[in-house]
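Asker: Take a look at this one; I'll ask things after.
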Amino acid sequence: MSRRLPLTAVTTPLSGTGVPLSQCTTLRLGGPATRFVRATAAADLVEAVRDLDASGDPLLLIGGGSNLVVADEGFAGTAVQVGTLGRRLDPLGDGLVQLTVEAGEVWDDVVAEAVAQGLGGLECLSGIPGLVGATPVQNVGAYGVEISQVLDSVDLLDRRTGRVHQLPASALGLAYRTSVLKGTDAAVVLRARYTLTSGGLSAPIRYAELARVLGVGAGDRVPADAARKAVLELRRGKGMVLDPTDHDTWSAGSFFTNPLLDDSTFTGVLIRIAERLGADVDVPSYPAGPGYRKLSAAWLIERAGFAKGYRGHRVALSTRHTLALTNRGGASTRDLLGLAREVRDGVRAAFGVELTPEPVLVGCDLG
């Protein structure tokens with residue numbers, strides 16, 4: 001874990017009139033980019049972005065492609081894929097260590113090695129597809145843990161100034177599945193630093209489903225490897241661990257975020273739910289800061305009439321998780337957006353709740 005991986009590879013343009021971006025997304029959807037470049041060193045990534053910005057050529061930055069929905073028409077510009085590698089471990093004292101990781105590292109590989117080294121803090125984020133660079137942008141989270149709880153700082157390329165600088169996590173506006181980096185092209189994540197614990201124990205287990213599987217109470221800590229195994233088992237059961245032979249994993253993960261409602265709106269939604277489903281229905285909701293509650297998007301989707309496996313044209317909701325919209329083979333982005341629109345509109349009509357897409361939509365929208 002303390003070794004440095006080589007960072008000497010050069011940026012390599014791929015030949016051809018257009019590289020299909022379906023090859024670079026977990027949905028396996030998307031038309032071609034005019035030009036495609038893979039940067040395997042941070043210096044080359046910086047140089048490629050600076051050059052493209054100076055030329056005015058449109059730029060699409062691609063990591064693992066697990067949060068991208070690309071239009072069938074593709075991208076009229078240069079797609080730059082982040083392939084930078086490198087990890088470093090530094091002791092901080094008092095049982096804490098700092099893990100520094102280049103943006104192009106595969107996220108779950110990093111989690112797996114951290115757990116193998118007896119480090120705690122990342123294990124509940126096991127099995128999440130994508131690269132390290134996306135974790136602060138999305139404030140990636142699962143099973144009661146968010147990146148905001150372990151992130152120390154990031155190195156960014158500021159595209160407005162062309163400068164590389166370090167920002168503490170506190171300056172990133174990290175909130176539920178978002179940050180100041182999301183929805184903007186103003187900066188490129190080059191590397192991230194995480195503060196983890198040594199000693200082999202997990203972070204406190206906060207998520208009820210995970211606690212039940214592990215047979216522990218809320219707030220207990222368990223061996224980090226046991227927590228990782230349990231999380232992977234839960235994710236596989238929901239089709240959330242990538243498998244090229246399993247169409248339930250041909251998705252962008254959770255397509256909609258869990259809606260956050262202020263107390264007044266939440267009360268009105270409860271009335272709509274009671275009118276449709278009955279006054280005694282148990283509505284799962286969670287505190288989301290002063291004056292706000294978070295509802296389960298999956299629960300709303302199912303109660304609006306969209307069951308697991310609900311099918312559109314060549315696309316469907318996962319047979320194991322209603323939040324995942326999947327490519328069943330031979331689909332187009334247009335097919336996927338049609339199903340997403342149907343689900344969004346159905347939930348709005350049933351409960352008055354507007355679902356928001358979680359993936360980045362490139363050259364397309366829900367309308």
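Here, A, B, ... name the chains of the structure tokens in the order displayed, residue numbers run from 1 inside each chain, and ligands are numbered from 1 in the same displayed order.
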Which residues, written as a list in words, have at least one atom at most 8 Å from A:Ala134, with only C-alpha atoms counted and residues fewer than 3 positions away on the same chain left out?

Answerer: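 So the residues in contact are Gly63, Ala103, Gly130, Leu131, Val137, Gln138, Val140 and Val189 of chain A.
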
Asker: Using only C-alpha atoms, determine which residues lie at most 10 Å from stretch 52-57 of chain A, disregarding the query and same-chain residues fewer than 6 positions distant; provide the list as a VMD selection string.

Answerer: chain A and resid 76 to 78 80 159 to 160 162

Asker: Can you list, as an NGL selection string, every protein, DNA or RNA residue that comes within 12 Å of A:Glu342 when you count only C-alpha atoms, leaving out same-chain residues fewer than 4 positions away?

Answerer: :A and (301 or 304-306 or 310-313 or 316-317 or 325 or 335-338 or 346-349 or 355 or 366-367)

Asker: Write out as a short mmCIF file (atom, residue, chain, number, x, y, z; two decimals) with C-alpha atoms, in the first residue's frame which residues come within 9 Å of A:Gly309 when counting only C-alpha atoms, dropping same-chain ones fewer than 4 positions away.

Answerer:
data_model
loop_
_atom_site.label_atom_id
_atom_site.label_comp_id
_atom_site.auth_asym_id
_atom_site.auth_seq_id
_atom_site.Cartn_x
_atom_site.Cartn_y
_atom_site.Cartn_z
CA ALA A 316 -36.05 -2.15 -18.03
CA LEU A 317 -35.86 -1.46 -14.34
CA SER A 318 -33.46 -3.93 -12.80
CA THR A 319 -35.10 -7.18 -11.73
CA ARG A 320 -33.41 -6.65 -8.35
CA HIS A 321 -33.49 -2.91 -7.71
CA THR A 322 -36.07 -0.40 -8.96
#

Asker: Counting only C-alpha atoms, which residue out of A:Leu190, A:Glu105, A:Glu73, A:Gly183 sits closest to A:Ala42?

Answerer: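 Under the stated criterion, the closest residue is A:Leu190.
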
Asker: Identify all residues of stretch 126-330 of chain A in alpha helix (DSSP H) (DSSP on the backbone) and supply them as a ChimeraX atom specification.

Answerer: /A:134-138,208-214,224-237,263-277,297-303

Asker: Keeping only N, CA and C atoms, write the selected residues as a CSV table (one decimal), in the first residue's frame.

Answerer:
chain,number,residue,atom,x,y,z
A,134,ALA,N,-14.1,10.5,-9.3
A,134,ALA,CA,-15.6,10.8,-9.2
A,134,ALA,C,-16.0,10.9,-7.7
A,135,THR,N,-15.3,10.3,-6.8
A,135,THR,CA,-15.8,10.2,-5.4
A,135,THR,C,-16.1,11.5,-4.8
A,136,PRO,N,-15.2,12.5,-4.9
A,136,PRO,CA,-15.5,13.8,-4.3
A,136,PRO,C,-16.6,14.6,-5.0
A,137,VAL,N,-16.6,14.4,-6.4
A,137,VAL,CA,-17.6,15.1,-7.2
A,137,VAL,C,-19.0,14.7,-6.8
A,138,GLN,N,-19.2,13.4,-6.7
A,138,GLN,CA,-20.6,12.9,-6.3
A,138,GLN,C,-20.8,12.8,-4.8
A,208,ALA,N,-29.1,0.2,8.9
A,208,ALA,CA,-29.8,-0.8,9.5
A,208,ALA,C,-29.7,-2.2,8.8
A,209,GLU,N,-29.9,-2.2,7.5
A,209,GLU,CA,-29.8,-3.4,6.7
A,209,GLU,C,-28.5,-4.1,6.9
A,210,LEU,N,-27.4,-3.3,6.8
A,210,LEU,CA,-26.0,-3.9,7.0
A,210,LEU,C,-25.8,-4.4,8.4
A,211,ALA,N,-26.3,-3.6,9.4
A,211,ALA,CA,-26.2,-4.1,10.8
A,211,ALA,C,-26.9,-5.4,11.0
A,212,ARG,N,-28.1,-5.6,10.3
A,212,ARG,CA,-28.8,-6.9,10.5
A,212,ARG,C,-28.0,-8.0,9.9
A,213,VAL,N,-27.4,-7.8,8.7
A,213,VAL,CA,-26.6,-8.8,8.0
A,213,VAL,C,-25.4,-9.2,8.9
A,214,LEU,N,-24.8,-8.2,9.5
A,214,LEU,CA,-23.6,-8.5,10.3
A,214,LEU,C,-23.9,-8.9,11.7
A,224,ALA,N,-13.0,-4.8,9.3
A,224,ALA,CA,-13.3,-4.1,8.0
A,224,ALA,C,-13.6,-5.1,6.9
A,225,ASP,N,-12.8,-6.3,6.9
A,225,ASP,CA,-13.1,-7.2,5.8
A,225,ASP,C,-14.4,-7.9,5.9
A,226,ALA,N,-15.0,-8.1,7.1
A,226,ALA,CA,-16.3,-8.6,7.3
A,226,ALA,C,-17.3,-7.6,6.8
A,227,ALA,N,-17.2,-6.3,7.0
A,227,ALA,CA,-18.1,-5.3,6.5
A,227,ALA,C,-18.0,-5.3,5.0
A,228,ARG,N,-16.8,-5.4,4.4
A,228,ARG,CA,-16.7,-5.3,3.0
A,228,ARG,C,-17.5,-6.5,2.4
A,229,LYS,N,-17.2,-7.7,2.9
A,229,LYS,CA,-17.9,-8.9,2.4
A,229,LYS,C,-19.4,-8.8,2.4
A,230,ALA,N,-19.9,-8.2,3.5
A,230,ALA,CA,-21.4,-8.1,3.7
A,230,ALA,C,-21.9,-7.1,2.7
A,231,VAL,N,-21.2,-6.0,2.5
A,231,VAL,CA,-21.7,-4.9,1.6
A,231,VAL,C,-21.7,-5.5,0.2
A,232,LEU,N,-20.6,-6.2,-0.2
A,232,LEU,CA,-20.6,-6.8,-1.6
A,232,LEU,C,-21.7,-7.8,-1.8
A,233,GLU,N,-22.0,-8.5,-0.8
A,233,GLU,CA,-23.2,-9.5,-0.9
A,233,GLU,C,-24.5,-8.8,-1.1
A,234,LEU,N,-24.7,-7.7,-0.3
A,234,LEU,CA,-25.9,-6.9,-0.4
A,234,LEU,C,-26.0,-6.3,-1.8
A,235,ARG,N,-24.9,-5.7,-2.3
A,235,ARG,CA,-24.9,-5.1,-3.6
A,235,ARG,C,-25.1,-6.1,-4.7
A,236,ARG,N,-24.5,-7.2,-4.6
A,236,ARG,CA,-24.7,-8.3,-5.7
A,236,ARG,C,-26.2,-8.7,-5.7
A,237,GLY,N,-26.8,-8.7,-4.5
A,237,GLY,CA,-28.2,-9.1,-4.5
A,237,GLY,C,-29.1,-8.1,-5.1
A,263,ASP,N,-39.8,20.3,5.6
A,263,ASP,CA,-40.9,19.7,6.4
A,263,ASP,C,-42.3,20.0,5.9
A,264,SER,N,-42.5,21.2,5.4
A,264,SER,CA,-43.9,21.5,4.9
A,264,SER,C,-44.2,20.6,3.6
A,265,THR,N,-43.3,20.5,2.7
A,265,THR,CA,-43.5,19.7,1.5
A,265,THR,C,-43.7,18.2,1.9
A,266,PHE,N,-42.8,17.8,2.8
A,266,PHE,CA,-42.9,16.4,3.3
A,266,PHE,C,-44.3,16.1,3.8
A,267,THR,N,-44.9,17.0,4.6
A,267,THR,CA,-46.2,16.8,5.2
A,267,THR,C,-47.2,16.6,4.1
A,268,GLY,N,-47.1,17.5,3.1
A,268,GLY,CA,-48.1,17.4,1.9
A,268,GLY,C,-47.9,16.1,1.2
A,269,VAL,N,-46.7,15.6,1.0
A,269,VAL,CA,-46.5,14.3,0.3
A,269,VAL,C,-47.1,13.2,1.1
A,270,LEU,N,-46.9,13.2,2.4
A,270,LEU,CA,-47.5,12.2,3.3
A,270,LEU,C,-49.0,12.1,3.1
A,271,ILE,N,-49.6,13.2,2.9
A,271,ILE,CA,-51.1,13.3,2.7
A,271,ILE,C,-51.4,12.6,1.4
A,272,ARG,N,-50.6,12.9,0.3
A,272,ARG,CA,-50.8,12.3,-1.0
A,272,ARG,C,-50.6,10.8,-0.9
A,273,ILE,N,-49.6,10.4,-0.2
A,273,ILE,CA,-49.4,8.9,-0.1
A,273,ILE,C,-50.5,8.2,0.7
A,274,ALA,N,-51.0,8.9,1.7
A,274,ALA,CA,-52.1,8.3,2.5
A,274,ALA,C,-53.4,8.2,1.6
A,275,GLU,N,-53.6,9.2,0.8
A,275,GLU,CA,-54.8,9.2,-0.1
A,275,GLU,C,-54.7,8.0,-1.1
A,276,ARG,N,-53.5,7.7,-1.5
A,276,ARG,CA,-53.3,6.7,-2.6
A,276,ARG,C,-53.2,5.3,-2.0
A,277,LEU,N,-52.5,5.2,-0.9
A,277,LEU,CA,-52.1,3.9,-0.4
A,277,LEU,C,-52.8,3.5,1.0
A,297,ALA,N,-36.4,6.9,-3.0
A,297,ALA,CA,-36.9,7.0,-4.4
A,297,ALA,C,-37.4,5.6,-4.8
A,298,ALA,N,-36.7,4.6,-4.4
A,298,ALA,CA,-37.1,3.2,-4.8
A,298,ALA,C,-38.5,2.9,-4.3
A,299,TRP,N,-38.8,3.2,-3.1
A,299,TRP,CA,-40.1,3.0,-2.5
A,299,TRP,C,-41.2,3.7,-3.3
A,300,LEU,N,-40.9,5.0,-3.6
A,300,LEU,CA,-41.9,5.8,-4.3
A,300,LEU,C,-42.1,5.2,-5.7
A,301,ILE,N,-41.0,4.8,-6.4
A,301,ILE,CA,-41.2,4.2,-7.7
A,301,ILE,C,-42.0,3.0,-7.7
A,302,GLU,N,-41.8,2.1,-6.8
A,302,GLU,CA,-42.6,0.8,-6.7
A,302,GLU,C,-44.0,1.1,-6.4
A,303,ARG,N,-44.3,2.1,-5.4
A,303,ARG,CA,-45.7,2.4,-5.0
A,303,ARG,C,-46.4,3.2,-6.1

Asker: What is the atom CA of A:Leu60-atom CA of A:Leu156 distance in Å, reported with one decimal?

Answerer: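 Between atom CA of A:Leu60 and atom CA of A:Leu156 the gap works out to 16.3 Å.
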
Asker: Which residue, A:Leu157, A:Ala33, A:Leu92, A:Ala192, has the smallest gap to A:Val110 when you use only C-alpha atoms?

Answerer: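 Counting only C-alpha atoms, the residue closest to A:Val110 is A:Ala192.
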
Asker: Rank A:Val69, A:Asp109, A:Ala340, A:Arg193 by their smallest atom-to-atom distance to A:Pro359, using only C-alpha atoms, and report the top residue only.

Answerer: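 Among A:Val69, A:Asp109, A:Ala340, A:Arg193, it is A:Val69 that comes nearest to A:Pro359.
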
Asker: Using only C-alpha atoms, which residue out of A:Gln117, A:Gln81, A:Thr34, A:Asn258 lies closest to A:Val49?

Answerer: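 Among A:Gln117, A:Gln81, A:Thr34, A:Asn258, it is A:Gln81 that comes nearest to A:Val49.
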
Asker: Using only C-alpha atoms, which of the listed residues (A:Val315, A:Val37, A:Leu174, A:Ala218) sits closest to A:Ser332?

Answerer: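 Smallest distance to A:Ser332 is found for A:Val315.
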
Asker: Mind checking which residues fall within 10 Å of A:Gly95, counting only C-alpha atoms, ignoring those fewer than 4 positions away in the same chain, and posting them as a list in words?

Answerer: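 Here the qualifying residues turn out to be Pro91, Leu119, Leu196, Thr197, Ser198 and Gly199 of chain A.
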
Asker: How about saving the chosen residues, C-alpha atoms kept, as a PDB file, in the first residue's frame?

Answerer:
ATOM      1  CA  PRO A  91       0.992   7.830   8.914  1.00  0.00           C
ATOM      2  CA  LEU A 119      -7.496   0.164   7.245  1.00  0.00           C
ATOM      3  CA  LEU A 196      -8.504   6.252   7.488  1.00  0.00           C
ATOM      4  CA  THR A 197      -8.035   4.331  10.735  1.00  0.00           C
ATOM      5  CA  SER A 198      -5.535   1.560  11.333  1.00  0.00           C
ATOM      6  CA  GLY A 199      -6.255  -1.505  13.433  1.00  0.00           C
TER       7      GLY A 199
END

Asker: Which of these residues is nearest to A:Gly65, using only C-alpha atoms: A:Arg28, A:Arg293, A:Lys182, A:Arg221?

Answerer: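 Among A:Arg28, A:Arg293, A:Lys182, A:Arg221, it is A:Arg28 that comes nearest to A:Gly65.
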
Asker: Atom CA of A:Ser148 and atom CA of A:Ile62, how far apart in Å?

Answerer: 22.2 Å
